[in-house]
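Okay, model_4.tsv now, which holds TSV, C-alpha atoms:
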chain	number	residue	atom	x	y	z
V	710	MET	CA	11.30	44.67	-31.56
V	711	SER	CA	8.44	45.77	-29.30
V	712	LEU	CA	10.09	43.88	-26.43
V	713	LEU	CA	12.75	46.55	-26.15
V	714	PRO	CA	12.02	49.73	-24.15
V	715	PRO	CA	11.34	52.81	-26.32
V	716	GLN	CA	14.54	54.57	-25.15
V	717	ILE	CA	16.64	51.76	-26.57
V	718	GLN	CA	14.60	51.62	-29.77
V	719	LYS	CA	15.06	55.37	-30.20
V	720	ALA	CA	18.85	55.15	-29.76
V	721	ILE	CA	19.01	52.27	-32.26
V	722	GLU	CA	16.91	54.26	-34.72
V	723	GLU	CA	19.13	57.34	-34.44
V	724	PHE	CA	22.32	55.28	-34.84
V	725	SER	CA	20.84	53.65	-37.98
V	726	LYS	CA	20.62	57.06	-39.65
V	727	LEU	CA	24.41	57.37	-39.71
V	728	PRO	CA	26.30	56.38	-42.86
V	729	GLY	CA	27.61	52.80	-42.87
V	730	ILE	CA	25.60	51.79	-39.79
V	731	GLY	CA	22.75	49.35	-40.43
V	732	SER	CA	20.14	48.19	-37.94
V	733	LYS	CA	22.29	45.31	-36.66
V	734	SER	CA	25.29	47.57	-36.05
V	735	ALA	CA	23.02	50.14	-34.42
V	736	GLU	CA	21.74	47.49	-31.99
V	737	ARG	CA	25.27	46.38	-31.23
V	738	LEU	CA	26.48	49.94	-30.59
V	739	THR	CA	23.53	50.75	-28.34
V	740	PHE	CA	23.98	47.66	-26.17
V	741	HIS	CA	27.73	48.20	-26.10
V	742	LEU	CA	27.15	51.67	-24.65
V	743	LEU	CA	24.80	50.26	-22.02
V	744	ARG	CA	27.35	47.72	-20.87
V	745	SER	CA	30.79	49.16	-21.56
V	746	SER	CA	32.91	50.68	-18.82
V	747	LYS	CA	34.99	52.76	-21.27
V	748	ALA	CA	32.35	54.30	-23.50
V	749	SER	CA	29.16	55.63	-21.94
V	750	PRO	CA	25.93	56.87	-23.48
V	751	GLU	CA	25.98	59.95	-21.25
V	752	ASN	CA	29.43	61.06	-22.48
V	753	LEU	CA	28.70	60.50	-26.16
V	754	GLY	CA	25.24	62.02	-25.71
V	755	LYS	CA	26.65	65.13	-24.07
V	756	ALA	CA	29.41	65.47	-26.66
V	757	LEU	CA	26.81	65.36	-29.44
V	758	THR	CA	24.42	67.75	-27.73
V	759	ASP	CA	27.31	70.22	-27.29
V	760	LEU	CA	28.34	69.83	-30.90
V	761	LYS	CA	26.43	72.65	-32.53
V	762	VAL	CA	26.52	74.99	-29.52
V	763	SER	CA	28.94	77.91	-29.99
V	764	LEU	CA	30.26	76.46	-33.23
V	765	HIS	CA	30.75	78.86	-36.14
V	766	TYR	CA	32.00	78.78	-39.68
V	767	CYS	CA	34.96	81.12	-40.22
V	768	ARG	CA	33.58	84.13	-42.11
V	769	HIS	CA	36.39	83.92	-44.66
V	770	CYS	CA	37.12	80.25	-45.33
V	771	GLN	CA	34.03	78.56	-43.76
V	772	MET	CA	36.21	76.26	-41.62
V	773	VAL	CA	34.55	75.18	-38.35
V	774	THR	CA	35.84	77.37	-35.53
V	775	LEU	CA	34.88	78.81	-32.14
V	776	GLN	CA	35.56	82.44	-33.18
V	777	GLU	CA	34.41	84.63	-36.02
V	778	GLU	CA	37.61	83.87	-37.91
V	779	CYS	CA	39.72	80.70	-37.89
V	780	SER	CA	43.38	80.55	-36.84
V	781	ILE	CA	44.54	80.07	-40.43
V	782	CYS	CA	42.74	83.12	-41.84
V	783	VAL	CA	44.10	85.45	-39.12
V	784	ASP	CA	47.69	84.18	-39.62
V	785	ALA	CA	49.51	86.99	-41.47
V	786	SER	CA	52.49	84.75	-42.29
V	787	ARG	CA	50.41	82.66	-44.71
V	788	ASP	CA	49.94	83.31	-48.40
V	789	HIS	CA	46.48	84.88	-48.65
V	790	THR	CA	46.61	85.13	-52.46
V	791	THR	CA	46.32	81.35	-52.91
V	792	ILE	CA	43.08	79.62	-51.99
V	793	LEU	CA	42.82	75.84	-51.81
V	794	VAL	CA	39.18	74.75	-52.20
V	795	VAL	CA	38.25	71.57	-50.30
V	796	GLU	CA	35.05	69.60	-49.74
V	797	ASN	CA	35.07	69.43	-45.95
V	798	PRO	CA	36.91	70.55	-42.80
V	799	LEU	CA	38.80	67.25	-42.46
V	800	ASP	CA	40.49	67.94	-45.80
V	801	VAL	CA	41.93	71.11	-44.27
V	802	ILE	CA	43.53	69.03	-41.50
V	803	ALA	CA	44.99	66.69	-44.14
V	804	PHE	CA	46.51	69.54	-46.18
V	805	GLU	CA	47.87	71.22	-43.04
V	806	ARG	CA	49.84	68.03	-42.35
V	807	SER	CA	51.25	68.19	-45.90
V	808	GLY	CA	52.86	71.58	-45.30
V	809	TYR	CA	50.61	73.78	-47.48
V	810	THR	CA	51.10	77.49	-46.64
V	811	GLY	CA	48.22	79.25	-48.44
V	812	VAL	CA	44.66	79.65	-47.17
V	813	TYR	CA	41.59	77.48	-47.66
V	814	HIS	CA	37.95	77.55	-48.64
V	815	VAL	CA	35.65	74.81	-47.34
V	816	LEU	CA	32.66	74.04	-49.60
V	817	HIS	CA	30.95	71.76	-47.03
V	818	GLY	CA	29.97	69.23	-49.68
V	819	VAL	CA	30.09	68.64	-53.44
V	820	LEU	CA	27.53	69.03	-56.21
V	821	SER	CA	25.39	65.91	-56.04
V	822	PRO	CA	21.79	66.33	-57.29
V	823	ILE	CA	20.89	62.83	-56.11
V	824	ASP	CA	21.67	63.86	-52.51
V	825	GLY	CA	19.94	67.23	-52.91
V	826	MET	CA	23.24	69.11	-53.03
V	827	GLY	CA	23.03	71.97	-55.54
V	828	PRO	CA	25.21	75.12	-55.81
V	829	GLU	CA	23.06	76.85	-53.13
V	830	GLN	CA	23.83	74.15	-50.55
V	831	LEU	CA	27.59	74.67	-50.97
V	832	LYS	CA	29.63	77.66	-49.78
V	833	LEU	CA	30.14	78.73	-53.40
V	834	LYS	CA	28.74	82.25	-53.10
V	835	GLU	CA	31.26	82.94	-50.32
V	836	LEU	CA	34.07	81.69	-52.59
V	837	MET	CA	32.88	83.97	-55.42
V	838	ASP	CA	32.83	86.94	-53.03
V	839	ARG	CA	36.40	86.25	-51.88
V	840	CYS	CA	37.66	85.97	-55.45
V	841	SER	CA	35.82	88.97	-56.91
V	842	GLY	CA	38.03	91.50	-55.07
V	843	GLY	CA	40.95	90.80	-57.41
V	844	LYS	CA	43.30	89.92	-54.54
V	845	VAL	CA	43.40	86.21	-55.30
V	846	ASP	CA	46.15	85.00	-57.64
V	847	GLU	CA	45.42	81.28	-57.68
V	848	VAL	CA	42.55	78.96	-56.79
V	849	ILE	CA	43.56	75.31	-56.38
V	850	VAL	CA	40.49	73.08	-56.63
V	851	ALA	CA	41.08	70.10	-54.33
V	852	THR	CA	37.78	68.25	-54.50
V	853	ASN	CA	38.02	64.45	-54.51
V	854	PRO	CA	38.89	62.76	-57.83
V	855	ASP	CA	35.43	61.17	-58.26
V	856	VAL	CA	32.37	62.02	-60.40
V	857	GLU	CA	30.90	64.60	-57.99
V	858	GLY	CA	34.31	66.11	-57.24
V	859	GLU	CA	35.14	66.53	-60.93
V	860	ALA	CA	31.72	68.04	-61.68
V	861	THR	CA	32.16	70.49	-58.79
V	862	ALA	CA	35.64	71.40	-60.06
V	863	SER	CA	34.27	72.16	-63.56
V	864	PHE	CA	31.47	74.24	-62.06
V	865	ILE	CA	33.93	76.29	-59.99
V	866	ARG	CA	36.20	76.86	-63.02
V	867	GLU	CA	33.25	78.22	-65.05
V	868	LYS	CA	32.16	80.52	-62.22
V	869	LEU	CA	35.63	81.87	-61.39
V	870	LYS	CA	37.43	82.04	-64.75
V	871	GLU	CA	36.59	85.75	-65.20
V	872	HIS	CA	37.79	86.74	-61.72
V	873	VAL	CA	40.89	84.59	-61.15
V	874	LYS	CA	43.71	84.21	-63.65
V	875	LYS	CA	45.06	80.89	-62.42
V	876	ILE	CA	42.67	78.06	-61.56
V	877	THR	CA	44.38	74.73	-60.98
V	878	ARG	CA	43.43	71.19	-60.05
V	879	LEU	CA	45.42	68.74	-57.92
V	880	ALA	CA	47.71	66.40	-59.89
V	881	HIS	CA	46.37	62.91	-60.59
V	882	GLY	CA	48.66	59.90	-60.68
V	883	LEU	CA	50.00	57.07	-58.60
V	884	PRO	CA	49.87	57.62	-54.84
V	885	MET	CA	53.20	57.24	-53.02
V	886	GLY	CA	53.89	53.61	-52.12
V	887	ALA	CA	51.36	52.28	-54.65
V	888	ASP	CA	51.90	49.10	-56.65
V	889	ILE	CA	51.60	49.67	-60.42
V	890	GLU	CA	50.35	46.10	-60.85
V	891	PHE	CA	47.22	46.95	-58.86
V	892	ALA	CA	46.63	50.50	-60.12
V	893	ASP	CA	43.45	51.06	-62.14
V	894	GLN	CA	43.64	52.02	-65.82
V	895	VAL	CA	42.38	55.59	-65.39
V	896	THR	CA	45.01	56.35	-62.75
V	897	LEU	CA	47.76	54.87	-64.96
V	898	LYS	CA	46.59	56.93	-67.96
V	899	GLU	CA	46.61	60.09	-65.81
V	900	ALA	CA	50.06	59.19	-64.49
V	901	VAL	CA	51.44	58.85	-68.04
V	902	ASP	CA	49.69	62.00	-69.31
V	903	GLY	CA	51.01	64.01	-66.38
V	904	ARG	CA	54.59	62.65	-66.51
V	905	ARG	CA	57.38	64.98	-65.49
V	906	ALA	CA	61.07	65.33	-66.43
V	907	LEU	CA	63.30	63.24	-64.18
E	902	MET	CA	44.06	67.91	-34.86
E	903	SER	CA	44.31	71.11	-32.79
E	904	LEU	CA	42.68	72.99	-35.67
E	905	LEU	CA	39.30	71.45	-34.82
E	906	PRO	CA	37.19	73.00	-32.05
E	907	PRO	CA	37.20	70.97	-28.79
E	908	GLN	CA	33.49	70.08	-29.11
E	909	ILE	CA	34.17	68.30	-32.39
E	910	GLN	CA	37.30	66.61	-31.02
E	911	LYS	CA	35.30	65.40	-28.02
E	912	ALA	CA	32.55	63.90	-30.21
E	913	ILE	CA	35.18	62.19	-32.41
E	914	GLU	CA	36.88	60.82	-29.30
E	915	GLU	CA	33.64	59.41	-27.87
E	916	PHE	CA	32.67	57.83	-31.19
E	917	SER	CA	36.12	56.18	-31.39
E	918	LYS	CA	35.42	54.30	-28.17
E	919	LEU	CA	32.66	52.29	-29.86
E	920	PRO	CA	33.46	48.84	-31.23
E	921	GLY	CA	34.35	48.77	-34.92
E	922	ILE	CA	34.67	52.56	-35.16
E	923	GLY	CA	38.20	53.86	-35.69
E	924	SER	CA	39.34	57.47	-35.65
E	925	LYS	CA	38.65	57.97	-39.37
E	926	SER	CA	35.08	56.60	-39.10
E	927	ALA	CA	34.54	58.70	-35.98
E	928	GLU	CA	35.55	61.84	-37.89
E	929	ARG	CA	33.25	60.91	-40.76
E	930	LEU	CA	30.29	60.24	-38.44
E	931	THR	CA	30.79	63.50	-36.55
E	932	PHE	CA	30.92	65.62	-39.68
E	933	HIS	CA	28.02	63.71	-41.17
E	934	LEU	CA	25.93	64.66	-38.13
E	935	LEU	CA	26.94	68.32	-38.49
E	936	ARG	CA	25.83	68.43	-42.11
E	937	SER	CA	23.06	65.89	-42.54
E	938	SER	CA	19.44	66.89	-42.73
E	939	LYS	CA	18.18	63.43	-41.69
E	940	ALA	CA	20.39	62.59	-38.72
E	941	SER	CA	21.15	65.30	-36.18
E	942	PRO	CA	23.57	65.41	-33.26
E	943	GLU	CA	20.82	66.76	-30.98
E	944	ASN	CA	18.50	63.80	-31.63
E	945	LEU	CA	21.17	61.14	-31.25
E	946	GLY	CA	22.58	63.00	-28.25
E	947	LYS	CA	19.19	63.16	-26.56
E	948	ALA	CA	18.44	59.51	-27.31
E	949	LEU	CA	21.73	58.49	-25.72
E	950	THR	CA	21.32	60.73	-22.69
E	951	ASP	CA	17.84	59.25	-22.14
E	952	LEU	CA	19.18	55.73	-22.50
E	953	LYS	CA	19.96	54.87	-18.91
E	954	VAL	CA	17.19	56.97	-17.39
E	955	SER	CA	14.29	54.88	-16.08
E	956	LEU	CA	15.74	51.70	-17.52
E	957	HIS	CA	15.72	48.61	-15.31
E	958	TYR	CA	16.74	45.00	-15.52
E	959	CYS	CA	13.79	42.64	-14.94
E	960	ARG	CA	14.23	41.27	-11.42
E	961	HIS	CA	13.69	37.71	-12.63
E	962	CYS	CA	15.36	37.36	-16.03
E	963	GLN	CA	17.54	40.55	-16.15
E	964	MET	CA	16.07	41.62	-19.51
E	965	VAL	CA	16.06	45.40	-20.06
E	966	THR	CA	12.61	46.77	-19.24
E	967	LEU	CA	10.79	49.85	-18.01
E	968	GLN	CA	9.06	48.08	-15.12
E	969	GLU	CA	10.25	45.90	-12.27
E	970	GLU	CA	9.36	42.79	-14.27
E	971	CYS	CA	9.46	42.24	-18.03
E	972	SER	CA	6.45	41.29	-20.13
E	973	ILE	CA	7.75	37.73	-20.62
E	974	CYS	CA	8.21	36.98	-16.92
E	975	VAL	CA	4.69	38.19	-16.02
E	976	ASP	CA	3.09	36.15	-18.83
E	977	ALA	CA	1.38	33.19	-17.09
E	978	SER	CA	0.84	31.34	-20.38
E	979	ARG	CA	4.57	30.71	-20.76
E	980	ASP	CA	6.49	27.71	-19.45
E	981	HIS	CA	8.24	29.02	-16.34
E	982	THR	CA	10.00	25.72	-15.64
E	983	THR	CA	12.32	26.08	-18.65
E	984	ILE	CA	14.97	28.81	-18.62
E	985	LEU	CA	16.93	29.70	-21.75
E	986	VAL	CA	20.21	31.42	-20.79
E	987	VAL	CA	21.45	34.02	-23.30
E	988	GLU	CA	24.36	36.44	-23.49
E	989	ASN	CA	22.49	39.67	-24.15
E	990	PRO	CA	19.01	41.19	-24.58
E	991	LEU	CA	19.15	41.05	-28.39
E	992	ASP	CA	19.37	37.26	-28.18
E	993	VAL	CA	15.98	37.29	-26.42
E	994	ILE	CA	14.48	39.14	-29.39
E	995	ALA	CA	15.98	36.54	-31.75
E	996	PHE	CA	14.56	33.58	-29.79
E	997	GLU	CA	11.16	35.27	-29.50
E	998	ARG	CA	11.02	35.34	-33.30
E	999	SER	CA	11.80	31.61	-33.35
E	1000	GLY	CA	8.69	30.74	-31.36
E	1001	TYR	CA	10.30	29.69	-28.05
E	1002	THR	CA	7.67	29.56	-25.25
E	1003	GLY	CA	9.72	29.23	-22.05
E	1004	VAL	CA	11.35	32.05	-20.09
E	1005	TYR	CA	14.84	33.57	-20.34
E	1006	HIS	CA	17.84	34.61	-18.30
E	1007	VAL	CA	20.12	37.31	-19.67
E	1008	LEU	CA	23.77	37.07	-18.51
E	1009	HIS	CA	24.77	40.47	-19.96
E	1010	GLY	CA	28.06	39.13	-21.24
E	1011	VAL	CA	30.22	36.00	-21.27
E	1012	LEU	CA	33.24	34.94	-19.26
E	1013	SER	CA	36.20	36.67	-20.86
E	1014	PRO	CA	39.13	37.40	-18.52
E	1015	ILE	CA	40.89	39.42	-21.23
E	1016	ASP	CA	37.98	41.90	-21.24
E	1017	GLY	CA	37.72	41.89	-17.45
E	1018	MET	CA	34.53	39.80	-17.48
E	1019	GLY	CA	34.57	37.33	-14.58
E	1020	PRO	CA	31.64	35.49	-12.96
E	1021	GLU	CA	30.88	38.57	-10.79
E	1022	GLN	CA	30.34	40.79	-13.85
E	1023	LEU	CA	27.69	38.43	-15.23
E	1024	LYS	CA	24.17	37.89	-13.88
E	1025	LEU	CA	25.16	34.41	-12.69
E	1026	LYS	CA	24.22	34.82	-9.02
E	1027	GLU	CA	20.68	35.76	-10.10
E	1028	LEU	CA	20.52	32.60	-12.25
E	1029	MET	CA	21.69	30.45	-9.31
E	1030	ASP	CA	19.02	32.04	-7.11
E	1031	ARG	CA	16.28	31.28	-9.66
E	1032	CYS	CA	17.38	27.65	-10.00
E	1033	SER	CA	17.93	26.92	-6.30
E	1034	GLY	CA	14.20	26.93	-5.54
E	1035	GLY	CA	13.71	23.58	-7.26
E	1036	LYS	CA	11.01	24.91	-9.58
E	1037	VAL	CA	13.17	24.80	-12.69
E	1038	ASP	CA	13.07	21.61	-14.77
E	1039	GLU	CA	15.46	22.55	-17.56
E	1040	VAL	CA	18.15	25.14	-18.23
E	1041	ILE	CA	19.04	25.56	-21.92
E	1042	VAL	CA	22.42	27.27	-22.25
E	1043	ALA	CA	22.30	29.39	-25.41
E	1044	THR	CA	25.60	31.25	-25.32
E	1045	ASN	CA	27.33	31.71	-28.67
E	1046	PRO	CA	29.28	28.74	-30.07
E	1047	ASP	CA	32.69	30.40	-29.62
E	1048	VAL	CA	35.51	30.04	-27.06
E	1049	GLU	CA	34.01	32.42	-24.48
E	1050	GLY	CA	30.50	31.06	-24.99
E	1051	GLU	CA	31.62	27.43	-24.54
E	1052	ALA	CA	33.64	28.33	-21.42
E	1053	THR	CA	30.63	30.14	-19.96
E	1054	ALA	CA	28.40	27.14	-20.74
E	1055	SER	CA	30.78	24.77	-18.93
E	1056	PHE	CA	30.94	27.13	-15.95
E	1057	ILE	CA	27.14	27.29	-15.74
E	1058	ARG	CA	26.85	23.50	-15.95
E	1059	GLU	CA	29.26	23.06	-13.02
E	1060	LYS	CA	27.42	25.62	-10.92
E	1061	LEU	CA	23.92	24.34	-11.63
E	1062	LYS	CA	24.30	20.56	-11.89
E	1063	GLU	CA	23.30	20.03	-8.26
E	1064	HIS	CA	20.18	22.17	-8.52
E	1065	VAL	CA	18.78	21.42	-11.97
E	1066	LYS	CA	18.32	17.91	-13.36
E	1067	LYS	CA	18.35	18.79	-17.05
E	1068	ILE	CA	20.98	21.20	-18.37
E	1069	THR	CA	21.14	21.35	-22.17
E	1070	ARG	CA	23.09	23.20	-24.84
E	1071	LEU	CA	21.79	24.36	-28.23
E	1072	ALA	CA	22.38	21.88	-31.08
E	1073	HIS	CA	25.38	22.50	-33.29
E	1074	GLY	CA	25.32	21.67	-36.99
E	1075	LEU	CA	24.73	23.18	-40.40
E	1076	PRO	CA	22.60	26.32	-40.44
E	1077	MET	CA	19.51	26.22	-42.69
E	1078	GLY	CA	20.40	27.15	-46.27
E	1079	ALA	CA	24.11	26.52	-45.76
E	1080	ASP	CA	26.39	25.07	-48.42
E	1081	ILE	CA	28.27	21.97	-47.22
E	1082	GLU	CA	31.14	22.81	-49.57
E	1083	PHE	CA	31.86	25.97	-47.60
E	1084	ALA	CA	31.13	24.67	-44.08
E	1085	ASP	CA	34.11	24.53	-41.70
E	1086	GLN	CA	35.40	21.18	-40.43
E	1087	VAL	CA	34.28	21.64	-36.81
E	1088	THR	CA	30.71	22.37	-37.89
E	1089	LEU	CA	30.70	19.33	-40.18
E	1090	LYS	CA	32.03	17.09	-37.39
E	1091	GLU	CA	29.31	18.40	-35.04
E	1092	ALA	CA	26.68	17.87	-37.74
E	1093	VAL	CA	27.76	14.23	-38.20
E	1094	ASP	CA	28.06	13.56	-34.44
E	1095	GLY	CA	24.60	15.03	-33.85
E	1096	ARG	CA	22.88	13.27	-36.78
E	1097	ARG	CA	19.22	12.32	-36.37
E	1098	ALA	CA	16.99	9.54	-37.78
E	1099	LEU	CA	15.34	10.60	-41.03
Can I see the file as structure tokens?
Amino acid sequence: MSLLPPQIQKAIEEFSKLPGIGSKSAERLTFHLLRSSKASPENLGKALTDLKVSLHYCRHCQMVTLQEECSICVDASRDHTTILVVENPLDVIAFERSGYTGVYHVLHGVLSPIDGMGPEQLKLKELMDRCSGGKVDEVIVATNPDVEGEATASFIREKLKEHVKKITRLAHGLPMGADIEFADQVTLKEAVDGRRAL
Amino acid sequence: MSLLPPQIQKAIEEFSKLPGIGSKSAERLTFHLLRSSKASPENLGKALTDLKVSLHYCRHCQMVTLQEECSICVDASRDHTTILVVENPLDVIAFERSGYTGVYHVLHGVLSPIDGMGPEQLKLKELMDRCSGGKVDEVIVATNPDVEGEATASFIREKLKEHVKKITRLAHGLPMGADIEFADQVTLKEAVDGRRAL
């Protein structure tokens, strides 16, 4: 690879650090940027350099925002007694589309010792502080239904059970539009266990 | 998406312009950069901003380089009468690993009207200029064996046939380690047509 100028090698190296991008993809992306008329390295470079400038976490829910508080937390029409706990800011966007009217708390990750993510790396202390005032009626834990997500949910329940009366977890079952034939056995078991009156 | 700060939206938008990266991947990459300890938006941003600065195309072979001429073109020990024509700089790296000892010419693309790539967008004029001096014995066309690559190869043959005696194309056939059972019919036909004495 010593034939390539160091600037190109550096860009390839930095691209390779991203999840799902190997060295071949990184090479392809770098040369695409050098050649393409639509995408340009300057624009992407500037966008990334600007990324952390003037970016805050909302002091209540830890959502990324430009102000001290995010637009959801300052909205008086929302139900501030229900907190939906999510892994990352994109989950907030997803729940907003679904019509949820309470407020959120963004953990910015899940418990995952193998990735160096312990309770201190998550925004758990901030969640505890919000719940300790006694003003929260319900905490809905909406971490992903995988090993790390379930472990994080259990951890949160243990930490909060003395402060919050109602701690709930999202329903498991068949997603809308799914084909039962192709559903995995755990999902089907959860769907039967959680059946509701028709 | 209006919930996300404009800096983040901008980074997602720029990532989406890259090949093989949709809006969901772009979101994931952007938030990975915000959170990761290994990759950082500043480093990738700087690498990309630096990319076009002080980067030249070699004035002979059009390879990316820091100087006026690349290290291959100034190497007197190489065979300067044989030019291997490739689509992009990464192909040069691949042929260097294979032990090729001639020189190169990088087209920076292939003919592809649908992507707006005509003869003017490629480094074809520079190739014509190199071959018109009468010092080139052989031009090996090493574009990819796909529709655009074959069309580009035919175009180059028509343009150069008056100036260069020997214009060749890479051999087609079974790649090393391939399984005949899974080879496609065109490759098998090419492998039979191009058979050699054992």
List as a Markdown table every residue of chain E that is in contact with chain V, defined as an atom at most 7 Å from one of its atoms (using all atoms listed in the file), together with the nearest atom pair and the distance in Å rounded to one decimal, sorted by chain and then rising number.
| residue | atom | partner | partner_atom | distance |
| --- | --- | --- | --- | --- |
| E:Met902 | CA | V:Ile802 | CA | 6.8 |
| E:Leu905 | CA | V:Thr774 | CA | 6.9 |
| E:Pro906 | CA | V:Thr774 | CA | 5.7 |
| E:Gln908 | CA | V:Leu760 | CA | 5.5 |
| E:Ile909 | CA | V:Leu760 | CA | 6.2 |
| E:Lys911 | CA | V:Ala756 | CA | 6.0 |
| E:Ala912 | CA | V:Ala756 | CA | 5.0 |
| E:Glu915 | CA | V:Leu753 | CA | 5.3 |
| E:Phe916 | CA | V:Leu753 | CA | 6.9 |
| E:Lys918 | CA | V:Ala748 | CA | 5.6 |
| E:Leu919 | CA | V:Leu738 | CA | 6.7 |
| E:Leu930 | CA | V:Leu727 | CA | 6.7 |
| E:Ala940 | CA | V:Lys726 | CA | 5.6 |
| E:Pro942 | CA | V:Leu757 | CA | 5.0 |
| E:Glu943 | CA | V:Thr758 | CA | 5.0 |
| E:Leu945 | CA | V:Glu723 | CA | 5.4 |
| E:Gly946 | CA | V:Gly754 | CA | 3.8 |
| E:Lys947 | CA | V:Gly754 | CA | 6.2 |
| E:Ala948 | CA | V:Ala720 | CA | 5.0 |
| E:Leu949 | CA | V:Gly754 | CA | 5.0 |
| E:Thr950 | CA | V:Glu751 | CA | 4.9 |
| E:Asp951 | CA | V:Gln716 | CA | 6.5 |
| E:Leu952 | CA | V:Gln716 | CA | 5.5 |
| E:Thr966 | CA | V:Pro714 | CA | 5.8 |
| E:Leu967 | CA | V:Pro714 | CA | 6.3 |
| E:Ile994 | CA | V:Met710 | CA | 6.7 |
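Between CA of Arg960 in chain E and CA of Leu1071 in chain E the interatomic distance comes to 25.0 Å.
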### Query
Quick one: distance from CA of Val1042 in chain E to CA of Val987 in chain E in Å, one decimal?
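Taking CA of Val1042 in chain E and CA of Val987 in chain E, their separation equals 6.9 Å.
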### Query
Neighbours of range 890-907 of chain V within 6 Å (all atoms listed in the file; same-chain residues fewer than 2 positions away dropped), as JSON, numbers by chain?
{"V": [881, 882, 888]}
For the residues in that selection, give me C-alpha atoms as a short mmCIF file (atom, residue, chain, number, x, y, z; two decimals), in the coordinates of the input.
data_model
loop_
_atom_site.label_atom_id
_atom_site.label_comp_id
_atom_site.auth_asym_id
_atom_site.auth_seq_id
_atom_site.Cartn_x
_atom_site.Cartn_y
_atom_site.Cartn_z
CA HIS V 881 46.37 62.91 -60.59
CA GLY V 882 48.66 59.90 -60.68
CA ASP V 888 51.90 49.10 -56.65
#
### Query
Looking at E:Ile1068, E:Leu1008, E:Ile1081, E:Cys974, which one is nearest to Lys1026 in chain E, with distances taken over all atoms listed in the file?
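For Lys1026 in chain E, the nearest of the given residues is E:Leu1008.
Taking CA of Pro1020 in chain E as the reference point, CA of Glu1063 in chain E is found at 18.2 Å.
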### Summary
Min atom-atom distance to Asp992 in chain E from the set E:Ser1033, E:Ser1013, E:Gln963, E:Thr1044, counting only C-alpha atoms, belongs to E:Thr1044
### Task
Find the residues near Ala1052 in chain E: any atom within 9 Å, counting all atoms listed in the file, skip ones fewer than 3 places away on the same chain, and give them as a ChimeraX atom specification.
/E:1011-1013,1047-1049,1055-1057
### Message
Which residue is closest to Val812 in chain V? Choose from V:Ala851, V:Leu883, V:Cys770, V:Ala862 and count all atoms listed in the file.
### Response
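The closest residue to Val812 in chain V is V:Cys770.
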